[in-house]
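Peer 1: Structure: work-v6.txt, compact mmCIF, C-alpha atoms and all ligand atoms.
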```txt
# COMPACT_ATOMS: atom_id res chain seq x y z
CA MET A 1 -67.32 20.54 30.05
CA GLU A 2 -67.06 17.41 32.14
CA LYS A 3 -68.79 17.16 35.49
CA VAL A 4 -66.43 14.81 37.29
CA LEU A 5 -67.76 12.88 40.27
CA PHE A 6 -65.34 11.20 42.65
CA LEU A 7 -67.36 8.41 44.27
CA CYS A 8 -66.28 6.14 47.10
CA HIS A 9 -67.44 4.28 50.18
CA THR A 10 -66.09 4.17 53.71
CA ASP A 11 -64.43 1.11 55.22
CA ALA A 12 -65.67 -0.73 58.32
CA SER A 13 -64.03 1.87 60.59
CA GLY A 14 -65.76 4.77 58.82
CA ALA A 15 -62.54 5.95 57.13
CA LEU A 16 -61.81 6.30 53.43
CA PRO A 17 -59.74 3.37 52.12
CA ARG A 18 -56.35 4.18 50.62
CA ALA A 19 -57.61 3.13 47.17
CA ALA A 20 -60.27 5.86 47.47
CA LEU A 21 -57.69 8.56 48.17
CA GLU A 22 -55.72 7.34 45.13
CA ALA A 23 -58.81 7.50 42.92
CA LEU A 24 -59.45 11.01 44.26
CA SER A 25 -56.04 12.11 42.94
CA ALA A 26 -56.99 10.72 39.52
CA ALA A 27 -60.39 12.48 39.67
CA LYS A 28 -58.73 15.78 40.62
CA GLU A 29 -56.40 15.53 37.66
CA LEU A 30 -59.30 14.84 35.33
CA ALA A 31 -61.20 17.82 36.74
CA SER A 32 -58.17 20.07 36.19
CA ALA A 33 -59.12 20.39 32.50
CA PRO A 34 -60.52 23.84 31.57
CA GLY A 35 -64.25 24.07 32.32
CA ALA A 36 -64.40 20.76 34.21
CA THR A 37 -65.87 20.62 37.72
CA LEU A 38 -65.35 18.21 40.59
CA THR A 39 -67.92 16.83 43.02
CA ALA A 40 -66.98 14.34 45.74
CA ALA A 41 -69.45 11.79 47.12
CA VAL A 42 -69.14 9.21 49.87
CA PHE A 43 -71.55 6.50 51.03
CA GLY A 44 -71.38 3.94 53.83
CA ALA A 45 -71.04 3.95 57.60
CA GLY A 46 -69.84 7.34 58.84
CA ALA A 47 -69.95 8.78 55.31
CA GLY A 48 -70.86 12.29 56.53
CA ALA A 49 -67.77 12.57 58.74
CA ALA A 50 -65.51 11.00 56.09
CA ALA A 51 -66.88 13.37 53.42
CA ALA A 52 -66.12 16.36 55.65
CA THR A 53 -62.40 15.43 55.51
CA LEU A 54 -62.50 16.10 51.75
CA GLY A 55 -62.94 19.85 52.37
CA GLY A 56 -59.47 20.63 51.01
CA ALA A 57 -59.79 18.46 47.90
CA GLY A 58 -61.07 21.29 45.72
CA ALA A 59 -64.52 19.82 45.09
CA ALA A 60 -67.30 22.32 44.35
CA ARG A 61 -69.77 20.07 46.18
CA VAL A 62 -69.30 17.26 48.69
CA LEU A 63 -72.16 14.77 49.01
CA ALA A 64 -72.74 11.97 51.49
CA THR A 65 -75.19 9.16 52.05
CA ASP A 66 -75.09 7.30 55.32
CA GLY A 67 -77.65 5.67 57.59
CA ASN A 68 -78.68 2.13 58.25
CA ASP A 69 -79.27 1.09 54.67
CA VAL A 70 -75.70 1.61 53.45
CA GLU A 71 -73.80 0.83 56.65
CA VAL A 72 -72.97 -2.64 55.35
CA PRO A 73 -71.93 -3.69 51.84
CA ARG A 74 -74.97 -5.10 50.05
CA PHE A 75 -75.73 -4.99 46.34
CA ALA A 76 -79.22 -3.46 46.45
CA THR A 77 -78.46 -0.64 48.87
CA ASP A 78 -74.98 0.15 47.51
CA ALA A 79 -76.27 0.31 43.94
CA ALA A 80 -79.15 2.58 45.01
CA ALA A 81 -76.80 4.91 46.91
CA ALA A 82 -74.23 5.14 44.10
CA THR A 83 -76.98 5.81 41.53
CA ALA A 84 -78.56 8.53 43.69
CA LEU A 85 -75.20 10.24 44.26
CA ALA A 86 -74.30 10.18 40.55
CA ARG A 87 -77.72 11.65 39.70
CA ALA A 88 -77.43 14.34 42.39
CA ALA A 89 -74.03 15.34 40.99
CA GLU A 90 -75.31 15.24 37.37
CA ALA A 91 -72.03 13.48 36.69
CA THR A 92 -70.72 13.01 33.17
CA ILE A 93 -67.67 11.05 34.38
CA VAL A 94 -67.60 9.05 37.60
CA VAL A 95 -64.16 8.14 38.98
CA ALA A 96 -64.24 5.49 41.71
CA PRO A 97 -61.72 3.11 43.28
CA HIS A 98 -61.76 -0.49 42.05
CA THR A 99 -62.59 -1.95 45.46
CA SER A 100 -64.51 -5.21 45.65
CA ARG A 101 -67.50 -3.31 47.08
CA LEU A 102 -67.70 -0.94 44.11
CA ALA A 103 -66.70 -3.51 41.50
CA ARG A 104 -69.77 -5.49 42.56
CA VAL A 105 -72.27 -2.71 41.89
CA MET A 106 -70.92 -0.17 39.40
CA ALA A 107 -71.81 -2.09 36.24
CA ALA A 108 -75.44 -2.08 37.44
CA VAL A 109 -75.18 1.60 38.35
CA SER A 110 -73.91 2.30 34.84
CA LEU A 111 -76.92 0.49 33.38
CA ARG A 112 -79.33 2.43 35.60
CA LEU A 113 -77.76 5.73 34.57
CA GLY A 114 -77.72 4.76 30.88
CA GLY A 115 -73.95 5.11 30.81
CA LYS A 116 -70.84 3.04 30.13
CA ILE A 117 -68.24 1.59 32.46
CA ASP A 118 -64.56 0.66 32.18
CA THR A 119 -62.83 -1.24 34.95
CA HIS A 120 -59.20 -1.80 36.03
CA VAL A 121 -58.26 1.67 34.81
CA THR A 122 -54.55 2.38 35.30
CA ALA A 123 -54.38 6.02 34.18
CA ILE A 124 -56.74 8.83 33.26
CA ARG A 125 -55.73 11.67 30.97
CA PRO A 126 -57.64 14.95 31.15
CA GLY A 127 -58.38 17.04 28.08
CA ALA A 128 -61.11 17.89 25.60
CA ALA A 129 -61.55 14.17 24.98
CA PRO A 130 -60.51 12.48 28.25
CA ALA A 131 -58.85 9.10 27.94
CA ALA A 132 -58.40 6.13 30.24
CA THR A 133 -55.84 3.38 29.94
CA ARG A 134 -56.08 -0.23 31.06
CA TRP A 135 -54.28 -3.50 30.37
CA LEU A 136 -55.85 -6.34 28.44
CA TYR A 137 -54.99 -9.95 27.72
CA ARG A 138 -53.30 -10.63 31.05
CA GLN A 139 -51.37 -7.35 31.13
CA ARG A 140 -49.86 -7.86 27.68
CA ILE A 141 -51.62 -5.07 25.77
CA GLU A 142 -52.16 -1.55 27.04
CA ALA A 143 -55.28 0.09 25.60
CA THR A 144 -56.23 3.76 25.57
CA LEU A 145 -59.99 4.25 25.70
CA ARG A 146 -62.13 7.25 24.81
CA ARG A 147 -65.92 7.26 24.91
CA ALA A 148 -68.58 9.64 23.65
CA GLU A 149 -71.28 8.13 25.88
CA ARG A 150 -72.01 9.73 29.23
CA PRO A 151 -71.99 9.15 32.10
CA TRP A 152 -68.76 7.24 31.81
CA ILE A 153 -67.79 5.30 34.92
CA LEU A 154 -64.11 4.57 35.53
CA LEU A 155 -63.00 2.15 38.25
CA VAL A 156 -59.36 2.96 39.02
CA ASP A 157 -57.06 0.14 40.13
CA PRO A 158 -55.34 0.55 43.50
CA GLY A 159 -51.68 1.58 43.40
CA VAL A 160 -51.70 3.54 40.14
CA ALA A 161 -52.06 7.08 41.50
CA PRO A 162 -50.57 8.81 44.55
CA ALA A 163 -52.99 8.94 47.49
CA TRP A 164 -54.48 12.38 48.11
CA GLN A 165 -53.38 13.67 51.51
CA PRO A 166 -56.33 14.97 53.54
CA GLY A 167 -55.83 18.54 54.71
CA GLY A 168 -57.52 21.90 54.94
CA GLU A 169 -60.71 22.80 56.74
CA ALA A 170 -63.62 20.41 57.06
CA GLY A 171 -66.05 21.30 54.28
CA ALA A 172 -69.82 21.56 54.13
CA VAL A 173 -71.45 18.25 53.24
CA GLU A 174 -74.81 17.85 51.47
CA ALA A 175 -76.75 14.82 52.69
CA ILE A 176 -78.31 12.88 49.81
CA SER A 177 -81.21 10.64 50.70
CA VAL A 178 -81.81 7.39 48.87
CA THR A 179 -85.15 5.81 48.14
CA ALA A 180 -85.20 2.58 50.13
CA ALA A 181 -84.16 -0.32 47.93
CA ALA A 182 -85.94 -3.66 48.16
CA THR A 183 -83.54 -5.91 50.06
CA ARG A 184 -83.52 -9.65 50.54
CA THR A 185 -79.99 -9.88 51.91
CA ARG A 186 -79.42 -9.43 55.63
CA VAL A 187 -75.77 -8.99 56.60
CA VAL A 188 -75.10 -10.85 59.84
CA GLY A 189 -71.35 -10.34 60.09
CA GLU A 190 -68.00 -10.77 58.41
CA ARG A 191 -65.66 -13.73 58.46
CA THR A 192 -62.04 -13.55 57.35
CA PRO A 193 -60.89 -16.37 55.08
CA GLY A 194 -58.75 -18.83 57.00
CA SER A 195 -55.83 -19.18 54.64
CA GLY A 196 -54.04 -17.18 52.04
CA ALA A 197 -56.01 -13.96 52.10
CA SER A 198 -54.64 -12.83 55.46
CA THR A 199 -51.12 -12.94 54.03
CA ILE A 200 -52.14 -10.84 51.04
CA ARG A 201 -51.58 -7.17 51.88
CA PRO A 202 -52.09 -4.99 48.81
CA ASP A 203 -50.77 -1.88 50.61
CA ALA A 204 -47.48 -3.51 51.69
CA LYS A 205 -44.26 -1.95 50.40
CA LEU A 206 -42.77 -5.37 49.68
CA LEU A 207 -44.03 -8.43 47.82
CA PHE A 208 -42.31 -11.57 49.12
CA VAL A 209 -42.65 -14.44 46.67
CA ALA A 210 -42.08 -18.04 47.64
CA GLY A 211 -41.43 -20.60 44.93
CA ALA A 212 -41.57 -24.37 44.84
CA GLY A 213 -37.92 -24.63 45.90
CA TRP A 214 -38.97 -24.13 49.53
CA THR A 215 -40.58 -27.58 49.49
CA LYS A 216 -37.93 -29.38 47.42
CA LYS A 217 -35.15 -31.64 48.72
CA GLN A 218 -32.25 -29.53 49.92
CA ALA A 219 -28.48 -30.20 49.99
CA ASP A 220 -28.89 -32.76 52.80
CA GLY A 221 -31.37 -34.73 50.68
CA LYS A 222 -34.30 -33.77 52.94
CA ILE A 223 -37.36 -31.53 52.66
CA HIS A 224 -37.54 -28.76 55.27
CA GLY A 225 -41.18 -27.70 54.99
CA GLU A 226 -41.61 -26.67 58.63
CA ASP A 227 -38.42 -24.58 58.59
CA ALA A 228 -39.69 -22.94 55.41
CA GLU A 229 -43.01 -22.07 57.07
CA THR A 230 -41.32 -20.61 60.14
CA LEU A 231 -38.87 -18.53 58.10
CA ILE A 232 -41.50 -17.20 55.69
CA LEU A 233 -44.16 -16.39 58.31
CA GLY A 234 -41.52 -14.83 60.58
CA PHE A 235 -40.35 -12.58 57.76
CA LEU A 236 -43.89 -11.59 56.72
CA GLU A 237 -44.76 -10.63 60.28
CA ARG A 238 -41.60 -8.62 60.90
CA ALA A 239 -41.43 -6.89 57.52
CA GLY A 240 -45.20 -6.42 57.04
CA ALA A 241 -44.74 -7.85 53.54
CA SER A 242 -47.39 -9.38 51.31
CA LEU A 243 -47.03 -13.02 50.31
CA GLY A 244 -47.00 -14.14 46.69
CA SER A 245 -46.38 -17.58 45.26
CA SER A 246 -45.40 -19.30 42.07
CA LYS A 247 -47.97 -21.54 40.42
CA SER A 248 -45.90 -24.65 41.03
CA LEU A 249 -45.94 -24.12 44.78
CA VAL A 250 -49.69 -23.57 45.13
CA ASP A 251 -50.46 -26.42 42.72
CA GLN A 252 -48.55 -28.89 44.87
CA ALA A 253 -51.39 -29.19 47.38
CA GLY A 254 -53.54 -30.86 44.73
CA GLU A 255 -50.68 -33.12 43.67
CA GLY A 256 -50.03 -34.55 47.14
CA HIS A 257 -46.57 -32.94 47.56
CA ALA A 258 -45.22 -31.05 50.57
CA VAL A 259 -47.01 -27.72 50.93
CA LEU A 260 -46.82 -24.50 52.88
CA ARG A 261 -50.05 -24.59 54.87
CA PHE A 262 -50.79 -20.86 54.74
CA MET A 263 -50.46 -20.71 50.95
CA SER A 264 -53.47 -20.82 48.64
CA HIS A 265 -54.17 -20.11 44.97
CA LEU A 266 -55.10 -16.57 46.04
CA ASN A 267 -51.37 -15.98 46.53
CA GLN A 268 -50.39 -16.97 43.00
CA VAL A 269 -48.65 -14.27 40.99
CA GLY A 270 -48.33 -14.48 37.22
CA GLN A 271 -50.04 -15.05 33.92
CA THR A 272 -52.81 -17.11 35.48
CA GLY A 273 -52.52 -15.41 38.87
CA SER A 274 -52.42 -11.83 40.09
CA THR A 275 -50.45 -8.78 38.99
CA PRO A 276 -49.82 -6.93 42.26
CA ARG A 277 -48.46 -3.37 42.49
CA HIS A 278 -45.97 -3.30 45.33
CA PRO A 279 -43.01 -0.93 44.96
CA LYS A 280 -40.50 -3.72 45.73
CA GLY A 281 -40.40 -7.48 45.31
CA LEU A 282 -38.20 -10.26 46.69
CA SER A 283 -38.41 -13.67 45.06
CA THR A 284 -37.11 -16.74 46.87
CA CYS A 285 -36.75 -20.33 45.65
CA CYS A 286 -38.61 -19.40 42.48
CA HIS A 287 -37.09 -19.95 39.06
CA GLY A 288 -38.39 -16.74 37.45
CA GLU A 289 -40.03 -18.24 34.37
CA GLU A 290 -41.90 -15.88 32.08
CA PRO A 291 -45.46 -17.01 32.99
CA HIS A 292 -44.60 -16.13 36.58
CA VAL A 293 -42.59 -12.95 35.99
CA VAL A 294 -45.31 -11.42 33.80
CA GLY A 295 -47.18 -10.93 37.08
CA TRP A 296 -44.32 -8.71 38.30
CA ARG A 297 -44.96 -6.14 35.56
CA PHE A 298 -45.80 -3.37 38.02
CA VAL A 299 -43.22 -4.24 40.70
CA ARG A 300 -40.56 -1.59 40.22
CA GLU A 301 -37.56 -2.92 42.20
CA ARG A 302 -36.95 -6.67 41.97
CA ARG A 303 -34.53 -8.91 43.81
CA ALA A 304 -34.32 -12.68 43.85
CA VAL A 305 -32.55 -15.40 45.84
CA ASN A 306 -31.84 -18.61 43.95
CA LEU A 307 -29.19 -21.32 44.08
CA ASP A 308 -29.11 -21.41 40.30
CA PRO A 309 -26.99 -18.62 38.73
CA SER A 310 -28.68 -19.17 35.38
CA CYS A 311 -32.28 -19.07 36.60
CA GLY A 312 -34.78 -16.80 34.85
CA TRP A 313 -34.15 -13.87 37.22
CA ALA A 314 -30.52 -13.73 36.04
CA ARG A 315 -31.73 -13.01 32.52
CA GLY A 316 -32.68 -9.38 32.98
CA LYS A 317 -35.79 -10.06 35.07
CA ALA A 318 -34.41 -8.94 38.43
CA ASP A 319 -32.33 -5.90 39.39
CA VAL A 320 -30.27 -8.05 41.77
CA LEU A 321 -29.96 -11.85 41.93
CA TYR A 322 -28.38 -13.28 45.07
CA VAL A 323 -26.99 -16.72 44.20
CA ALA A 324 -27.50 -18.21 47.63
CA ASP A 325 -29.47 -20.63 49.77
CA ALA A 326 -32.76 -18.89 50.60
CA PHE A 327 -33.05 -20.80 53.89
CA ALA A 328 -29.74 -19.30 55.06
CA VAL A 329 -30.51 -15.85 53.65
CA MET A 330 -33.97 -15.58 55.27
CA GLU A 331 -32.69 -16.88 58.59
CA ARG A 332 -30.08 -14.10 58.60
CA VAL A 333 -32.59 -11.48 57.43
CA ASN A 334 -35.02 -12.48 60.19
CA ALA A 335 -32.24 -12.26 62.80
CA LEU A 336 -31.37 -8.75 61.56
CA LEU A 337 -35.05 -7.71 61.74
CA VAL A 338 -35.32 -9.04 65.31
CA ALA A 339 -32.17 -7.13 66.27
CA LYS A 340 -33.48 -3.98 64.62
CA ALA A 341 -36.82 -4.23 66.43
CA ALA A 342 -34.90 -4.61 69.71
CA GLY A 343 -32.95 -1.46 68.88
CA LYS A 344 -29.60 -3.28 68.64
C1 LIG A 401 -50.19 -21.39 30.50
C2 LIG A 401 -49.30 -21.30 31.71
C3 LIG A 401 -49.60 -20.38 32.70
C4 LIG A 401 -48.79 -20.27 33.83
N1 LIG A 401 -49.10 -19.32 34.77
C5 LIG A 401 -48.27 -19.17 35.83
C6 LIG A 401 -48.53 -18.18 36.81
O1 LIG A 401 -49.52 -17.45 36.78
N2 LIG A 401 -47.67 -18.06 37.86
C7 LIG A 401 -46.57 -18.88 37.99
O2 LIG A 401 -45.82 -18.74 38.96
N3 LIG A 401 -46.31 -19.84 37.08
C8 LIG A 401 -47.14 -20.00 36.01
N4 LIG A 401 -46.87 -20.99 35.12
C9 LIG A 401 -45.81 -21.97 35.46
C10 LIG A 401 -44.41 -21.46 35.21
O3 LIG A 401 -44.08 -21.64 33.86
C11 LIG A 401 -43.43 -22.22 36.10
O4 LIG A 401 -43.61 -23.60 35.92
C12 LIG A 401 -43.54 -21.92 37.59
O5 LIG A 401 -43.57 -20.53 37.80
C13 LIG A 401 -42.33 -22.54 38.30
O6 LIG A 401 -42.46 -22.33 39.68
P1 LIG A 401 -41.17 -22.27 40.60
O7 LIG A 401 -40.16 -21.35 40.01
O8 LIG A 401 -41.63 -21.96 41.99
O9 LIG A 401 -40.67 -23.78 40.64
P2 LIG A 401 -39.44 -24.49 40.01
O10 LIG A 401 -39.38 -24.30 38.54
O11 LIG A 401 -39.46 -25.88 40.53
O12 LIG A 401 -38.18 -23.72 40.62
C14 LIG A 401 -37.77 -23.85 41.94
C15 LIG A 401 -36.54 -22.98 42.10
O13 LIG A 401 -36.15 -23.01 43.47
C16 LIG A 401 -34.73 -22.91 43.50
N5 LIG A 401 -34.28 -23.39 44.81
C17 LIG A 401 -34.45 -24.61 45.37
N6 LIG A 401 -33.92 -24.64 46.61
C18 LIG A 401 -33.44 -23.39 46.85
C19 LIG A 401 -32.79 -22.79 47.97
N7 LIG A 401 -32.53 -23.45 49.10
N8 LIG A 401 -32.43 -21.48 47.87
C20 LIG A 401 -32.67 -20.77 46.73
N9 LIG A 401 -33.27 -21.29 45.65
C21 LIG A 401 -33.66 -22.59 45.71
C22 LIG A 401 -34.27 -23.77 42.33
O14 LIG A 401 -32.96 -23.40 41.93
C23 LIG A 401 -35.33 -23.45 41.27
O15 LIG A 401 -34.92 -22.38 40.44
C24 LIG A 401 -47.66 -21.12 33.97
C25 LIG A 401 -47.36 -22.04 32.96
C26 LIG A 401 -48.17 -22.13 31.86
C27 LIG A 401 -47.82 -23.14 30.80
```
Any chance you could put this one into C-alpha cells?

Peer 2:
Amino acid sequence: MEKVLFLCHTDASGALPRAALEALSAAKELASAPGATLTAAVFGAGAGAAAATLGGAGAARVLATDGNDVEVPRFATDAAAATALARAAEATIVVAPHTSRLARVMAAVSLRLGGKIDTHVTAIRPGAAPAATRWLYRQRIEATLRRAERPWILLVDPGVAPAWQPGGEAGAVEAISVTAAATRTRVVGERTPGSGASTIRPDAKLLFVAGAGWTKKQADGKIHGEDAETLILGFLERAGASLGSSKSLVDQAGEGHAVLRFMSHLNQVGQTGSTPRHPKGLSTCCHGEEPHVVGWRFVRERRAVNLDPSCGWARGKADVLYVADAFAVMERVNALLVAKAAGK
C-alpha cells in the first residue's frame, strides 16, 4: 500500500515547470496500483495558487508551502520545506522532477527522513514491488531498481514521461507550515551565464549539433568562422532549437584554434558530455563518431549534414544523411524560415 507523494517547486513566475508536470504523470501511474494513494505537494513562490491547479490530477490531498522562506531557491529552506511536506503526506514513495533545485536538496531530505534516494530515473513501474529504471556508466547500462526501504525518493529526469495537462476544477489546498530553518545564505538575485547556457533549451523540439567542421578550412582554402556563427545563431533563433556541440569543437578554444564564441563545454553532447532528450536532432559538420553519437541515445529522429558520404552518420547512426555543404544547406534553411515567418 504505497503512499505516493508527488513533490515539486514552482519556477520564478510561480508556475509549475514542465519537468514537474512530467514527474506528476509518472507519480500518477505509480499511484494507479491497487491500494496506492496519491498526494501532491508544491513549495516555492506562489505554491498555493500552483497547487490549486492540480485539482484534476486525482490526488487525495494537495499540500502547499509558500511564504518568504521558500520564495527563493536555497538549500536550508528548500530542504526544510521538502522534509515537512513528505512528513505531512506520510509518504512511502516520493516522486519529484530532477530539476537542479530539487537535485540539490533531495539527498539531504532522504537522510532526514531515514529513506533512500535514486536519481536520474527514466521510468517507474507500478505494482506490488514498484520498480524504477535508470541508466548507468554513461548511458551504457540500463538498471532496474527495487528497494524495500521507505520512504524511497525518485528524481525523474525531464523528457521521459508525457507532461500532465492541467484541467478540472481548482482543488482545496492544505497549507503546510515549516519550522524556520537556520539560514546563512541570502539570495540577492539571479544572473544568467553569459555563454553556452542560453543556447541550451532542454524543452526545444530540435537539437542542432555543430561539429568542428564549421571552423575548418572550406573548399576555398579559408576558414569562415563568422559566417558559421551567423548561420548557426540565425537558425537557433528562428527554429527555437537547442545547441549541442561535438567535443572537438568545444575543445578548440583551449587549443588556440578558431572557435564559435557562443559555444562552451556546457553544449557538448556525448560520452563525456550530455545526453539530451529532444525528439529530433540535426547534426552539421560533425563526423558522427561513437563517443559523440552515444549522447544521441534518446534523440528519436536523427538527420545529419556532412560532406563525407562515409562519415559515421552514414553507418546506421542517422535516419537521413544529406551529403552536402552545411554552409549552403543552413543558408537555404534560414532563408526558408525567414520566408515562412513572413507568411510567403
Ligand atoms: C574517451 C573519449 C571521450 C569522448 N567524448 C566525446 C563526447 O562526449 N562528445 C564528442 O562529441 N566527442 C567525444 N569524443 C571525441 C570523438 O571521438 C570525436 O573526436 C569528436 O566527436 C569529433 O568531432 P567532430 O565530428 O566535430 O570533428 P571532426 O572529426 O573534425 O569532423 C568534422 C566533420 O565536419 C565535416 N565537414 C567539414 N566541413 C563541412 C561542411 N562545409 N559541410 C558539411 N560537413 C563538413 C567533415 O566532413 C568531418 O566529418 C571522445 C573521445 C574519447 C577518446

Peer 1: Check every protein, DNA and RNA residue against ligand LIG 401 (chain A), keep those with an atom at most 7 Å away (counting only C-alpha atoms and all ligand atoms), and present them as a VMD selection string.

Peer 2: chain A and resid 210 to 214 216 218 245 to 249 268 to 273 284 to 292 295 305 to 308 311 324 to 327

Peer 1: Mind writing the picked residues with C-alpha atoms as a tab-separated table (two decimals), in the coordinates of the input?

Peer 2:
```
chain	number	residue	atom	x	y	z
A	210	ALA	CA	-42.08	-18.04	47.64
A	211	GLY	CA	-41.43	-20.60	44.93
A	212	ALA	CA	-41.57	-24.37	44.84
A	213	GLY	CA	-37.92	-24.63	45.90
A	214	TRP	CA	-38.97	-24.13	49.53
A	216	LYS	CA	-37.93	-29.38	47.42
A	218	GLN	CA	-32.25	-29.53	49.92
A	245	SER	CA	-46.38	-17.58	45.26
A	246	SER	CA	-45.40	-19.30	42.07
A	247	LYS	CA	-47.97	-21.54	40.42
A	248	SER	CA	-45.90	-24.65	41.03
A	249	LEU	CA	-45.94	-24.12	44.78
A	268	GLN	CA	-50.39	-16.97	43.00
A	269	VAL	CA	-48.65	-14.27	40.99
A	270	GLY	CA	-48.33	-14.48	37.22
A	271	GLN	CA	-50.04	-15.05	33.92
A	272	THR	CA	-52.81	-17.11	35.48
A	273	GLY	CA	-52.52	-15.41	38.87
A	284	THR	CA	-37.11	-16.74	46.87
A	285	CYS	CA	-36.75	-20.33	45.65
A	286	CYS	CA	-38.61	-19.40	42.48
A	287	HIS	CA	-37.09	-19.95	39.06
A	288	GLY	CA	-38.39	-16.74	37.45
A	289	GLU	CA	-40.03	-18.24	34.37
A	290	GLU	CA	-41.90	-15.88	32.08
A	291	PRO	CA	-45.46	-17.01	32.99
A	292	HIS	CA	-44.60	-16.13	36.58
A	295	GLY	CA	-47.18	-10.93	37.08
A	305	VAL	CA	-32.55	-15.40	45.84
A	306	ASN	CA	-31.84	-18.61	43.95
A	307	LEU	CA	-29.19	-21.32	44.08
A	308	ASP	CA	-29.11	-21.41	40.30
A	311	CYS	CA	-32.28	-19.07	36.60
A	324	ALA	CA	-27.50	-18.21	47.63
A	325	ASP	CA	-29.47	-20.63	49.77
A	326	ALA	CA	-32.76	-18.89	50.60
A	327	PHE	CA	-33.05	-20.80	53.89
```

Peer 1: Show me, as number ranges by chain, the residues that have an atom within 9 Å of Thr179 in chain A when counting all atoms listed in the file, minus same-chain residues fewer than 2 positions from it.

Peer 2: A: 80-81, 84, 177, 181

Peer 1: Just the number, please: distance in Å from CA of Val338 in chain A to CA of Met263 in chain A, one decimal.

Peer 2: 23.9 Å

Peer 1: With only C-alpha atoms as the atoms that count, which of A:Val294, A:Ala241, A:Leu155, A:Leu260 lies nearest to Ser100 in chain A?

Peer 2: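 Smallest distance to Ser100 in chain A is found for A:Leu155.
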
Peer 1: Have a look at CA of Arg125 in chain A and CA of Ala47 in chain A and let me know their distance in Å, one decimal.

Peer 2: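 Separating CA of Arg125 in chain A from CA of Ala47 in chain A is a distance of 28.3 Å.
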
Peer 1: Could you produce a table of the residues of range 138-167 of chain A lying within 8 Å of range 24-32 of chain A, with the nearest pair of atoms per residue and their separation in Å rounded to one decimal, using all atoms listed in the file, ordered by chain and increasing residue number, as JSON lines?

Peer 2:
```
{"residue": "A:Ala161", "atom": "CA", "partner": "A:Ala26", "partner_atom": "CA", "distance": 6.4}
{"residue": "A:Pro162", "atom": "CA", "partner": "A:Ser25", "partner_atom": "CA", "distance": 6.6}
{"residue": "A:Ala163", "atom": "CA", "partner": "A:Ser25", "partner_atom": "CA", "distance": 6.3}
{"residue": "A:Trp164", "atom": "CA", "partner": "A:Ser25", "partner_atom": "CA", "distance": 5.4}
```

Peer 1: With the cut-off set at 8 Å and counting all atoms listed in the file, tabulate each residue of range 138-198 of chain A with an atom at most that distance from an atom of range 59-75 of chain A, showing the nearest atom pair and its distance in Å to one decimal, ordered by chain and increasing number, as CSV.

Peer 2:
```
residue,atom,partner,partner_atom,distance
A:Gly171,CA,A:Val62,CA,7.6
A:Ala172,CA,A:Val62,CA,7.0
A:Val173,CA,A:Val62,CA,5.1
A:Glu174,CA,A:Leu63,CA,4.7
A:Ala175,CA,A:Ala64,CA,5.1
A:Ile176,CA,A:Thr65,CA,5.3
A:Ser177,CA,A:Thr65,CA,6.3
A:Val178,CA,A:Thr65,CA,7.6
A:Ala180,CA,A:Asp69,CA,7.6
A:Thr185,CA,A:Arg74,CA,7.2
A:Val187,CA,A:Val72,CA,7.1
```

Peer 1: Residues within 7 Å of (-64.1, 6.6, 52.7), file coordinates, counting all atoms listed in the file: what are they? Give the list as a list in words.

Peer 2: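 The answer, in the requested form, is Cys8, His9, Thr10, Asp11, Gly14, Ala15, Leu16, Pro17, Ala20, Val42, Ala47 and Ala50 of chain A.
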
Peer 1: Please measure the separation of CA of Phe208 in chain A and CA of Val333 in chain A, giving the value in Å to one decimal.

Peer 2: 12.8 Å

Peer 1: When you look at Gly225 in chain A with a cut-off of 10 Å (counting only C-alpha atoms), what residues show up, excluding the ones that are within fewer than 4 positions of it in the same chain? I need them as JSON, numbers by chain.

Peer 2: {"A": [214, 215, 216, 217, 229, 230, 231, 258, 259, 260, 261]}

Peer 1: Which residue out of A:Ala341, A:Val209, A:Val320, A:Ala41 has the minimum interatomic distance to Pro276 in chain A when all atoms listed in the file are used?

Peer 2: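 Among the listed residues, the smallest separation from Pro276 in chain A belongs to A:Val209.
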
Peer 1: For Glu237 in chain A, which residue out of A:Arg277, A:Ala204, A:Gly159, A:Thr53 is the nearest one, using only C-alpha atoms?

Peer 2: A:Ala204

Peer 1: Could you check the closest approach to Ala342 in chain A for each of A:Gln165, A:Leu111, A:Arg238, A:Pro151 and tell me which residue wins, using only C-alpha atoms?

Peer 2: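 For Ala342 in chain A, the nearest of the given residues is A:Arg238.
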
Peer 1: Find, counting only C-alpha atoms, the residue in A:Ala129, A:Ala33, A:Ala89, A:Ala123 that gets nearest to Leu7 in chain A.

Peer 2: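 Of A:Ala129, A:Ala33, A:Ala89, A:Ala123, the one nearest Leu7 in chain A is A:Ala89, counting only C-alpha atoms.
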
Peer 1: May I ask which of the residues A:Val293, A:Val4, A:Leu21, A:Leu336 is the closest one to Gly316 in chain A, counting only C-alpha atoms?

Peer 2: A:Val293

Peer 1: Applying 9 Å and all atoms listed in the file, which residues near Glu2 in chain A remain after dropping the ones on its own chain fewer than 4 positions away? List them as a ChimeraX atom specification.

Peer 2: /A:30-31,33,35-38,91-93,128
